[in-house]
file upload-v2.pdb (PDB, C-alpha atoms)
ATOM      1  CA  MET A1348      84.825-180.923  10.015
ATOM      2  CA  LYS A1349      86.803-182.763  12.694
ATOM      3  CA  ARG A1350      89.919-180.804  11.755
ATOM      4  CA  ALA A1351      88.015-177.483  11.950
ATOM      5  CA  PHE A1352      86.699-178.463  15.381
ATOM      6  CA  LEU A1353      90.163-179.353  16.684
ATOM      7  CA  ILE A1354      91.639-176.086  15.365
ATOM      8  CA  LEU A1355      88.815-174.091  16.963
ATOM      9  CA  ALA A1356      89.247-176.028  20.221
ATOM     10  CA  ALA A1357      92.977-175.248  20.287
ATOM     11  CA  VAL A1358      92.361-171.546  19.539
ATOM     12  CA  THR A1359      89.662-171.399  22.248
ATOM     13  CA  ALA A1360      91.975-173.069  24.794
ATOM     14  CA  LEU A1361      94.710-170.513  24.077
ATOM     15  CA  LEU A1362      92.217-167.639  24.275
ATOM     16  CA  LEU A1363      90.874-168.966  27.596
ATOM     17  CA  ILE A1364      94.402-169.056  29.037
ATOM     18  CA  TYR A1365      95.047-165.525  27.760
ATOM     19  CA  ALA A1366      91.698-164.208  29.078
ATOM     20  CA  THR A1367      92.308-165.810  32.492
ATOM     21  CA  TYR A1368      95.782-164.236  32.625
ATOM     22  CA  GLN A1369      94.233-160.870  31.789
ATOM     23  CA  ALA A1370      91.577-161.303  34.490
ATOM     24  CA  LEU A1371      93.994-162.419  37.217
ATOM     25  CA  VAL A1372      97.086-160.356  36.441
ATOM     26  CA  VAL A1373      96.480-157.494  34.004
ATOM     27  CA  ALA A1374      93.100-156.126  35.189
ATOM     28  CA  PRO A1375      93.528-153.555  37.965
ATOM     29  CA  THR A1376      92.435-154.450  41.489
ATOM     30  CA  GLU A1377      89.083-152.925  42.412
ATOM     31  CA  ARG A1378      89.439-150.330  45.180
ATOM     32  CA  THR A1379      86.667-151.371  47.587
ATOM     33  CA  MET A1380      86.276-155.124  47.006
ATOM     34  CA  GLY A1381      89.868-156.052  46.267
ATOM     35  CA  ASP A1382      90.832-159.224  44.403
ATOM     36  CA  VAL A1383      87.481-160.948  44.940
ATOM     37  CA  GLN A1384      86.023-158.586  42.317
ATOM     38  CA  ARG A1385      87.980-160.613  39.712
ATOM     39  CA  ILE A1386      85.268-163.291  40.025
ATOM     40  CA  PHE A1387      83.190-160.850  37.944
ATOM     41  CA  TYR A1388      85.311-161.736  34.849
ATOM     42  CA  TYR A1389      84.066-165.331  35.016
ATOM     43  CA  HIS A1390      80.677-164.840  36.672
ATOM     44  CA  VAL A1391      79.096-162.409  34.191
ATOM     45  CA  PRO A1392      80.432-164.082  30.988
ATOM     46  CA  SER A1393      79.155-167.446  32.329
ATOM     47  CA  ALA A1394      75.713-165.914  32.916
ATOM     48  CA  TRP A1395      75.753-164.374  29.430
ATOM     49  CA  THR A1396      76.783-167.684  27.812
ATOM     50  CA  ALA A1397      74.090-169.585  29.734
ATOM     51  CA  GLY A1398      71.517-167.019  28.529
ATOM     52  CA  CYS A1399      72.688-167.404  24.907
ATOM     53  CA  LEU A1400      72.523-171.201  25.128
ATOM     54  CA  PHE A1401      69.029-171.108  26.619
ATOM     55  CA  PHE A1402      68.041-168.824  23.738
ATOM     56  CA  VAL A1403      69.439-171.385  21.257
ATOM     57  CA  ASN A1404      67.433-174.027  23.145
ATOM     58  CA  LEU A1405      64.291-171.901  22.767
ATOM     59  CA  VAL A1406      64.770-171.337  19.031
ATOM     60  CA  ALA A1407      65.586-175.025  18.413
ATOM     61  CA  SER A1408      62.545-176.079  20.474
ATOM     62  CA  VAL A1409      60.226-173.811  18.475
ATOM     63  CA  ILE A1410      61.698-175.173  15.225
ATOM     64  CA  TYR A1411      61.145-178.706  16.526
ATOM     65  CA  LEU A1412      57.492-177.991  17.356
ATOM     66  CA  ILE A1413      56.948-176.585  13.846
ATOM     67  CA  ARG A1414      58.990-179.012  11.752
ATOM     68  CA  ARG A1415      59.554-182.056  14.008
ATOM     69  CA  SER A1416      63.129-182.281  12.731
ATOM     70  CA  SER A1417      65.543-184.505  14.637
ATOM     71  CA  TRP A1418      68.450-182.055  14.332
ATOM     72  CA  SER A1419      66.522-179.256  16.072
ATOM     73  CA  ASP A1420      65.614-181.591  18.949
ATOM     74  CA  ALA A1421      69.275-182.651  19.218
ATOM     75  CA  LEU A1422      70.396-179.007  19.190
ATOM     76  CA  ALA A1423      67.836-178.078  21.866
ATOM     77  CA  ALA A1424      69.034-180.905  24.123
ATOM     78  CA  SER A1425      72.702-179.968  23.578
ATOM     79  CA  ALA A1426      72.205-176.245  24.215
ATOM     80  CA  ALA A1427      70.225-176.927  27.397
ATOM     81  CA  GLU A1428      72.858-179.265  28.811
ATOM     82  CA  VAL A1429      75.762-176.876  28.170
ATOM     83  CA  GLY A1430      73.607-173.967  29.399
ATOM     84  CA  VAL A1431      73.022-175.777  32.697
ATOM     85  CA  ILE A1432      76.801-176.178  33.110
ATOM     86  CA  PHE A1433      77.328-172.426  32.701
ATOM     87  CA  CYS A1434      74.338-171.616  34.916
ATOM     88  CA  THR A1435      75.788-173.921  37.619
ATOM     89  CA  ILE A1436      78.995-171.892  37.460
ATOM     90  CA  VAL A1437      76.995-168.689  37.909
ATOM     91  CA  LEU A1438      75.305-170.136  41.003
ATOM     92  CA  ILE A1439      78.647-171.221  42.492
ATOM     93  CA  THR A1440      80.769-168.160  41.705
ATOM     94  CA  GLY A1441      78.013-165.761  42.857
ATOM     95  CA  PRO A1442      77.963-166.924  46.499
ATOM     96  CA  LEU A1443      81.787-167.118  46.494
ATOM     97  CA  TRP A1444      81.782-163.409  45.617
ATOM     98  CA  ALA A1445      78.883-162.544  47.961
ATOM     99  CA  ARG A1446      80.360-164.087  51.131
ATOM    100  CA  PRO A1447      83.327-161.682  51.487
ATOM    101  CA  VAL A1448      81.477-158.679  49.978
ATOM    102  CA  TRP A1449      77.969-158.954  51.492
ATOM    103  CA  GLY A1450      78.915-161.123  54.474
ATOM    104  CA  ILE A1451      76.355-163.769  53.405
ATOM    105  CA  TRP A1452      76.441-166.647  50.927
ATOM    106  CA  TRP A1453      72.914-166.224  49.645
ATOM    107  CA  THR A1454      69.862-163.993  49.882
ATOM    108  CA  TRP A1455      66.417-164.702  48.463
ATOM    109  CA  ASP A1456      66.314-161.581  46.316
ATOM    110  CA  MET A1457      64.763-161.550  42.846
ATOM    111  CA  ARG A1458      67.936-161.879  40.734
ATOM    112  CA  LEU A1459      69.361-164.757  42.738
ATOM    113  CA  THR A1460      66.046-166.571  43.176
ATOM    114  CA  SER A1461      65.044-166.259  39.499
ATOM    115  CA  THR A1462      68.488-167.586  38.483
ATOM    116  CA  LEU A1463      68.050-170.573  40.803
ATOM    117  CA  VAL A1464      64.554-171.170  39.364
ATOM    118  CA  LEU A1465      66.022-170.969  35.843
ATOM    119  CA  TRP A1466      68.619-173.592  36.762
ATOM    120  CA  LEU A1467      65.938-175.831  38.294
ATOM    121  CA  ILE A1468      63.730-175.543  35.179
ATOM    122  CA  TYR A1469      66.547-176.610  32.857
ATOM    123  CA  VAL A1470      67.689-179.392  35.206
ATOM    124  CA  SER A1471      64.051-180.635  35.097
ATOM    125  CA  TYR A1472      64.204-180.382  31.311
ATOM    126  CA  LEU A1473      67.324-182.576  31.213
ATOM    127  CA  LEU A1474      65.826-185.060  33.700
ATOM    128  CA  LEU A1475      62.671-185.262  31.573
ATOM    129  CA  ARG A1476      64.751-186.088  28.519
ATOM    130  CA  ARG A1477      66.895-188.546  30.465
ATOM    131  CA  PHE A1478      64.179-190.597  32.160
ATOM    132  CA  SER A1479      61.129-190.407  29.890
ATOM    133  CA  ASP A1480      60.891-193.118  27.232
ATOM    134  CA  SER A1481      57.705-191.813  25.648
ATOM    135  CA  ALA A1482      57.675-190.889  21.964
ATOM    136  CA  GLN A1483      56.161-187.578  23.089
ATOM    137  CA  THR A1484      59.258-186.681  25.174
ATOM    138  CA  PRO A1485      60.781-184.278  22.598
ATOM    139  CA  VAL A1486      57.437-182.435  22.302
ATOM    140  CA  LEU A1487      57.035-182.184  26.092
ATOM    141  CA  ALA A1488      60.654-181.060  26.406
ATOM    142  CA  ALA A1489      60.169-178.409  23.700
ATOM    143  CA  VAL A1490      57.093-177.019  25.473
ATOM    144  CA  LEU A1491      58.944-177.000  28.808
ATOM    145  CA  ALA A1492      61.848-175.198  27.109
ATOM    146  CA  ILE A1493      59.514-172.427  25.910
ATOM    147  CA  PHE A1494      58.193-171.902  29.444
ATOM    148  CA  GLY A1495      61.719-172.122  30.850
ATOM    149  CA  ALA A1496      62.930-169.451  28.439
ATOM    150  CA  LEU A1497      60.343-167.035  29.862
ATOM    151  CA  ASP A1498      62.472-166.943  33.016
ATOM    152  CA  VAL A1499      65.561-165.684  31.127
ATOM    153  CA  PRO A1500      64.277-162.078  30.616
ATOM    154  CA  LEU A1501      62.924-162.165  34.175
ATOM    155  CA  VAL A1502      66.441-162.924  35.441
ATOM    156  CA  TYR A1503      67.936-160.203  33.268
ATOM    157  CA  PHE A1504      65.448-157.438  34.049
ATOM    158  CA  SER A1505      64.905-158.362  37.717
ATOM    159  CA  ILE A1506      67.469-155.802  38.878
ATOM    160  CA  TRP A1507      65.429-153.034  37.237
ATOM    161  CA  PHE A1508      61.944-154.244  38.148
ATOM    162  CA  PHE A1509      62.577-155.255  41.762
ATOM    163  CA  ARG A1510      64.552-153.993  44.712
ATOM    164  CA  THR A1511      67.536-156.288  44.795
ATOM    165  CA  GLN A1512      70.829-156.670  46.587
ATOM    166  CA  HIS A1513      72.523-157.776  43.379
ATOM    167  CA  PRO A1514      74.870-155.124  41.894
ATOM    168  CA  GLN A1515      73.425-152.958  39.126
ATOM    169  CA  PRO A1516      74.975-153.131  35.633
ATOM    170  CA  VAL A1517      78.389-151.488  35.468
ATOM    171  CA  MET A1518      77.983-150.557  31.810
ATOM    172  CA  GLY A1519      75.289-148.202  30.516
ATOM    173  CA  ASN A1520      72.523-146.717  32.665
ATOM    174  CA  GLY A1521      74.944-144.355  34.389
ATOM    175  CA  GLY A1522      77.351-147.112  35.422
ATOM    176  CA  SER A1523      81.028-146.885  34.638
ATOM    177  CA  LEU A1524      83.921-149.311  34.423
ATOM    178  CA  ASP A1525      87.656-148.658  34.253
ATOM    179  CA  PRO A1526      88.665-149.009  30.546
ATOM    180  CA  ARG A1527      91.250-151.688  31.454
ATOM    181  CA  MET A1528      88.586-153.626  33.357
ATOM    182  CA  LEU A1529      86.167-153.171  30.459
ATOM    183  CA  HIS A1530      88.734-154.563  28.010
ATOM    184  CA  VAL A1531      89.317-157.667  30.167
ATOM    185  CA  PHE A1532      85.588-158.104  30.732
ATOM    186  CA  LEU A1533      84.746-157.918  27.012
ATOM    187  CA  LEU A1534      87.609-160.299  26.216
ATOM    188  CA  ASN A1535      86.280-162.856  28.712
ATOM    189  CA  LEU A1536      82.739-162.325  27.452
ATOM    190  CA  GLY A1537      83.807-163.119  23.875
ATOM    191  CA  VAL A1538      85.995-166.073  24.829
ATOM    192  CA  PHE A1539      83.338-167.616  27.089
ATOM    193  CA  THR A1540      80.755-167.249  24.309
ATOM    194  CA  LEU A1541      83.134-169.028  21.923
ATOM    195  CA  PHE A1542      83.826-171.724  24.530
ATOM    196  CA  GLY A1543      80.082-172.237  25.091
ATOM    197  CA  ALA A1544      79.491-172.512  21.337
ATOM    198  CA  LEU A1545      82.325-175.039  21.055
ATOM    199  CA  LEU A1546      80.968-177.199  23.892
ATOM    200  CA  CYS A1547      77.498-177.019  22.329
ATOM    201  CA  TRP A1548      78.934-178.072  18.963
ATOM    202  CA  ALA A1549      80.735-181.043  20.583
ATOM    203  CA  ARG A1550      77.603-182.052  22.498
ATOM    204  CA  PHE A1551      75.479-181.702  19.345
ATOM    205  CA  HIS A1552      77.861-183.936  17.414
ATOM    206  CA  ILE A1553      77.728-186.591  20.155
ATOM    207  CA  GLU A1554      73.923-186.406  20.174
ATOM    208  CA  THR A1555      73.808-186.783  16.376
ATOM    209  CA  VAL A1556      76.144-189.806  16.451
ATOM    210  CA  ARG A1557      74.066-191.381  19.264
ATOM    211  CA  ARG A1558      70.857-190.940  17.268
ATOM    212  CA  GLN A1559      72.460-192.428  14.147
ATOM    213  CA  LEU A1560      73.629-195.394  16.217
ATOM    214  CA  ASP A1561      70.143-195.867  17.703
ATOM    215  CA  GLU A1562      68.602-195.717  14.220
ATOM    216  CA  THR A1563      71.093-198.279  12.876
ATOM    217  CA  ARG A1564      70.352-200.611  15.799
ATOM    218  CA  ALA A1565      66.600-200.185  15.362
ATOM    219  CA  LEU A1566      66.947-200.957  11.652
ATOM    220  CA  GLU A1567      69.046-204.029  12.387
ATOM    221  CA  ALA A1568      66.536-205.237  14.970
ATOM    222  CA  LEU A1569      63.794-204.754  12.385
ATOM    223  CA  LEU A1570      65.770-206.681   9.764
ATOM    224  CA  ASP A1571      66.485-209.446  12.297
ATOM    225  CA  ASP A1572      62.783-209.605  13.118
ATOM    226  CA  GLY A1573      62.019-209.786   9.404
ATOM    227  CA  ARG A1574      64.486-212.643   8.937
ATOM    228  CA  THR A1575      63.238-214.633  11.928
ATOM    229  CA  GLY A1576      59.653-213.751  10.997
ATOM    230  CA  SER A1577      60.084-215.409   7.600
ATOM    231  CA  SER A1578      61.676-218.498   9.129
ATOM    232  CA  PRO A1579      59.484-221.617   9.501
ATOM    233  CA  ALA A1580      59.833-221.571  13.315
ATOM    234  CA  ARG A1581      58.323-218.081  13.509
ATOM    235  CA  SER A1582      55.660-218.605  10.887
ATOM    236  CA  THR A1583      54.190-221.594  12.740
ATOM    237  CA  ARG A1584      53.255-219.362  15.703
TER
ATOM    238  CA  MET B 187      88.963-167.272  54.344
ATOM    239  CA  THR B 188      90.478-164.132  52.867
ATOM    240  CA  SER B 189      89.175-162.242  49.850
ATOM    241  CA  ILE B 190      91.840-163.703  47.558
ATOM    242  CA  GLN B 191      91.052-167.246  48.725
ATOM    243  CA  PHE B 192      87.425-166.757  47.667
ATOM    244  CA  MET B 193      88.679-165.616  44.286
ATOM    245  CA  TRP B 194      90.872-168.705  43.860
ATOM    246  CA  ALA B 195      88.014-170.930  45.032
ATOM    247  CA  ALA B 196      85.745-169.417  42.353
ATOM    248  CA  TYR B 197      88.311-169.782  39.554
ATOM    249  CA  ALA B 198      89.165-173.337  40.646
ATOM    250  CA  SER B 199      85.498-174.377  40.822
ATOM    251  CA  VAL B 200      84.887-173.023  37.298
ATOM    252  CA  TRP B 201      87.716-175.135  35.860
ATOM    253  CA  ILE B 202      86.837-178.213  37.903
ATOM    254  CA  ILE B 203      83.280-178.067  36.516
ATOM    255  CA  HIS B 204      84.403-177.457  32.932
ATOM    256  CA  GLY B 205      87.131-180.116  33.212
ATOM    257  CA  ALA B 206      84.639-182.662  34.554
ATOM    258  CA  TYR B 207      82.132-181.851  31.815
ATOM    259  CA  ILE B 208      84.739-182.076  29.047
ATOM    260  CA  THR B 209      85.839-185.465  30.473
ATOM    261  CA  VAL B 210      82.199-186.649  30.405
ATOM    262  CA  LEU B 211      81.842-185.499  26.767
ATOM    263  CA  VAL B 212      85.084-187.211  25.687
ATOM    264  CA  ARG B 213      84.083-190.469  27.434
ATOM    265  CA  ARG B 214      80.611-190.375  25.843
ATOM    266  CA  TYR B 215      82.166-189.797  22.421
ATOM    267  CA  LEU B 216      84.724-192.592  22.813
ATOM    268  CA  ARG B 217      82.009-195.010  23.986
ATOM    269  CA  LEU B 218      79.859-194.158  20.950
ATOM    270  CA  ARG B 219      82.828-194.624  18.628
ATOM    271  CA  ARG B 220      83.522-198.025  20.190
ATOM    272  CA  GLU B 221      79.863-199.033  19.838
ATOM    273  CA  GLN B 222      79.918-197.868  16.209
ATOM    274  CA  ASP B 223      82.992-199.997  15.536
ATOM    275  CA  GLU B 224      81.337-203.026  17.154
ATOM    276  CA  LEU B 225      78.378-202.835  14.765
ATOM    277  CA  PRO B 226      78.542-205.550  12.083
TER
END
call {"tool": "encode", "arguments": {"input": "upload-v2.pdb", "output": "structure tokens"}}
result
Amino acid sequence: MKRAFLILAAVTALLLIYATYQALVVAPTERTMGDVQRIFYYHVPSAWTAGCLFFVNLVASVIYLIRRSSWSDALAASAAEVGVIFCTIVLITGPLWARPVWGIWWTWDMRLTSTLVLWLIYVSYLLLRRFSDSAQTPVLAAVLAIFGALDVPLVYFSIWFFRTQHPQPVMGNGGSLDPRMLHVFLLNLGVFTLFGALLCWARFHIETVRRQLDETRALEALLDDGRTGSSPARSTR
Amino acid sequence: MTSIQFMWAAYASVWIIHGAYITVLVRRYLRLRREQDELP
């Protein structure tokens, strides 16, 4: 398993280097925006990966509510954390693109605002998991995840449902993209998805090991209690 | 800032964030491994 992970990590690293080279060097320069348009090759795949990870979080949360299995709770926590990382990237690269193109860093339009709300919901989710000691925390987190996931389609469809400054999709719905740009975009989309899955896998493994360690410690504490409990000093209490 | 500087800033910020997160994951993993080894 460890060997498979390391091989996949090495392949992903090479693919990321190749995809970045394609985005920075091979993809043609956009006529009106210039080089700043190349942010698109990282911005959109990051948004897509965040969306996929939040979907994994949703599915794992639903499974947890039905089965109460530890692995599904661990997967939900892992997917949310990695999803927040990718969503943070979306919220940073977006304004860095908007400033030279729109002349402003930020506008409170539906796509941008719903993305910020999405980020805030999942940051709250992580804070809940981090600071709540209650045995009900996984259940509360799973319910919050289901409500949080409702924002994902709102983010996606906001550019159709509301008047927004955010660019419309460049593929489908009458949009068009230079085939060389499309190739680089799809490459980055695939590689970022793989990278997100790899990070989620690593985070899931860490979470599993942490839980095993906690269980071992709890068992040891219980055994210690049992030993001291049977000792004369304890039994006289 | 010029258009290309914004592009570099975006690409750099992406890899700073990912690099920092990967470092956090590796440190968490190494700490857990150490704690596992310390268990009797």
call {"tool": "atom_distance", "arguments": {"input": "upload-v2.pdb", "atom1": "atom CA of A:Arg1458", "atom2": "atom CA of A:Val1431"}}
result
16.8 Å
call {"tool": "closest_residue", "arguments": {"input": "upload-v2.pdb", "among": "A:Thr1511, A:Thr1454, A:Gln1559, A:Ser1471", "to": "chain B", "atoms": "all atoms listed in the file"}}
result
A:Gln1559
call {"tool": "closest_residue", "arguments": {"input": "upload-v2.pdb", "among": "A:Trp1444, A:Ile1436, A:Val1409, A:Ala1366", "to": "B:Gln191", "atoms": "only C-alpha atoms"}}
result
A:Trp1444
call {"tool": "interface_residues", "arguments": {"input": "upload-v2.pdb", "of": "chain A", "to": "chain B", "cutoff": "8 Å", "atoms": "all atoms listed in the file", "output": "mmCIF file with C-alpha atoms, in the coordinates of the input"}}
result
data_model
loop_
_atom_site.group_PDB
_atom_site.id
_atom_site.type_symbol
_atom_site.label_atom_id
_atom_site.label_comp_id
_atom_site.auth_asym_id
_atom_site.auth_seq_id
_atom_site.Cartn_x
_atom_site.Cartn_y
_atom_site.Cartn_z
ATOM 1 C CA GLY A 1381 89.868 -156.052 46.267
ATOM 2 C CA ASP A 1382 90.832 -159.224 44.403
ATOM 3 C CA VAL A 1383 87.481 -160.948 44.940
ATOM 4 C CA GLN A 1384 86.023 -158.586 42.317
ATOM 5 C CA ARG A 1385 87.980 -160.613 39.712
ATOM 6 C CA ILE A 1386 85.268 -163.291 40.025
ATOM 7 C CA TYR A 1389 84.066 -165.331 35.016
ATOM 8 C CA ILE A 1432 76.801 -176.178 33.110
ATOM 9 C CA ILE A 1436 78.995 -171.892 37.460
ATOM 10 C CA ILE A 1439 78.647 -171.221 42.492
ATOM 11 C CA THR A 1440 80.769 -168.160 41.705
ATOM 12 C CA LEU A 1443 81.787 -167.118 46.494
ATOM 13 C CA TRP A 1444 81.782 -163.409 45.617
ATOM 14 C CA PRO A 1447 83.327 -161.682 51.487
ATOM 15 C CA ALA A 1549 80.735 -181.043 20.583
ATOM 16 C CA ARG A 1550 77.603 -182.052 22.498
ATOM 17 C CA ILE A 1553 77.728 -186.591 20.155
ATOM 18 C CA VAL A 1556 76.144 -189.806 16.451
ATOM 19 C CA ARG A 1557 74.066 -191.381 19.264
ATOM 20 C CA LEU A 1560 73.629 -195.394 16.217
#
call {"tool": "closest_residue", "arguments": {"input": "upload-v2.pdb", "among": "A:Phe1387, A:Gly1430, A:Arg1415, A:Ile1410", "to": "A:Leu1546", "atoms": "all atoms listed in the file"}}
result
A:Gly1430
call {"tool": "atom_distance", "arguments": {"input": "upload-v2.pdb", "atom1": "atom CA of A:Trp1418", "atom2": "atom CA of A:Phe1551"}}
result
8.6 Å
call {"tool": "atom_distance", "arguments": {"input": "upload-v2.pdb", "atom1": "atom CA of A:Asn1535", "atom2": "atom CA of A:Arg1378"}}
result
20.9 Å
call {"tool": "axis_aligned_box", "arguments": {"input": "upload-v2.pdb", "around": "stretch 202-221 of chain B", "padding_each_side": "3 Å", "output": "JSON"}}
result
{"center_x": 83.5, "center_y": -188.2, "center_z": 28.3, "size_x": 13.3, "size_y": 27.6, "size_z": 25.3}
call {"tool": "closest_residue", "arguments": {"input": "upload-v2.pdb", "among": "A:Phe1509, A:Val1470, A:His1552, A:Arg1558", "to": "A:Met1348", "atoms": "all atoms listed in the file"}}
result
A:His1552
call {"tool": "decode", "arguments": {"input": "upload-v2.pdb", "residues": "chain B", "atoms": "C-alpha atoms", "output": "mmCIF file, in the first residue's frame"}}
result
data_model
loop_
_atom_site.group_PDB
_atom_site.id
_atom_site.type_symbol
_atom_site.label_atom_id
_atom_site.label_comp_id
_atom_site.auth_asym_id
_atom_site.auth_seq_id
_atom_site.Cartn_x
_atom_site.Cartn_y
_atom_site.Cartn_z
ATOM 1 C CA MET B 187 1.985 45.169 -11.155
ATOM 2 C CA THR B 188 1.894 43.927 -14.730
ATOM 3 C CA SER B 189 -0.351 41.185 -16.076
ATOM 4 C CA ILE B 190 2.463 38.621 -16.050
ATOM 5 C CA GLN B 191 3.350 39.476 -12.442
ATOM 6 C CA PHE B 192 -0.224 38.667 -11.401
ATOM 7 C CA MET B 193 0.121 35.351 -13.189
ATOM 8 C CA TRP B 194 3.364 34.507 -11.370
ATOM 9 C CA ALA B 195 1.828 35.607 -8.065
ATOM 10 C CA ALA B 196 -1.098 33.215 -8.635
ATOM 11 C CA TYR B 197 1.118 30.260 -9.588
ATOM 12 C CA ALA B 198 3.485 30.950 -6.677
ATOM 13 C CA SER B 199 0.632 31.220 -4.159
ATOM 14 C CA VAL B 200 -0.809 27.883 -5.350
ATOM 15 C CA TRP B 201 2.503 26.096 -4.751
ATOM 16 C CA ILE B 202 3.193 27.871 -1.466
ATOM 17 C CA ILE B 203 -0.203 26.698 -0.168
ATOM 18 C CA HIS B 204 0.229 23.136 -1.434
ATOM 19 C CA GLY B 205 3.837 23.007 -0.186
ATOM 20 C CA ALA B 206 2.783 24.225 3.265
ATOM 21 C CA TYR B 207 -0.068 21.717 3.425
ATOM 22 C CA ILE B 208 2.128 18.804 2.330
ATOM 23 C CA THR B 209 4.678 19.830 5.009
ATOM 24 C CA VAL B 210 1.887 19.841 7.628
ATOM 25 C CA LEU B 211 0.752 16.359 6.505
ATOM 26 C CA VAL B 212 4.301 14.943 6.590
ATOM 27 C CA ARG B 213 4.929 16.413 10.071
ATOM 28 C CA ARG B 214 1.613 15.027 11.366
ATOM 29 C CA TYR B 215 2.463 11.600 9.955
ATOM 30 C CA LEU B 216 5.985 11.579 11.406
ATOM 31 C CA ARG B 217 4.661 12.653 14.824
ATOM 32 C CA LEU B 218 2.087 9.834 14.776
ATOM 33 C CA ARG B 219 4.753 7.322 13.773
ATOM 34 C CA ARG B 220 6.953 8.503 16.645
ATOM 35 C CA GLU B 221 4.045 8.251 19.095
ATOM 36 C CA GLN B 222 3.276 4.756 17.783
ATOM 37 C CA ASP B 223 6.886 3.714 18.342
ATOM 38 C CA GLU B 224 6.816 5.113 21.887
ATOM 39 C CA LEU B 225 3.850 2.917 22.824
ATOM 40 C CA PRO B 226 4.900 -0.024 25.024
#
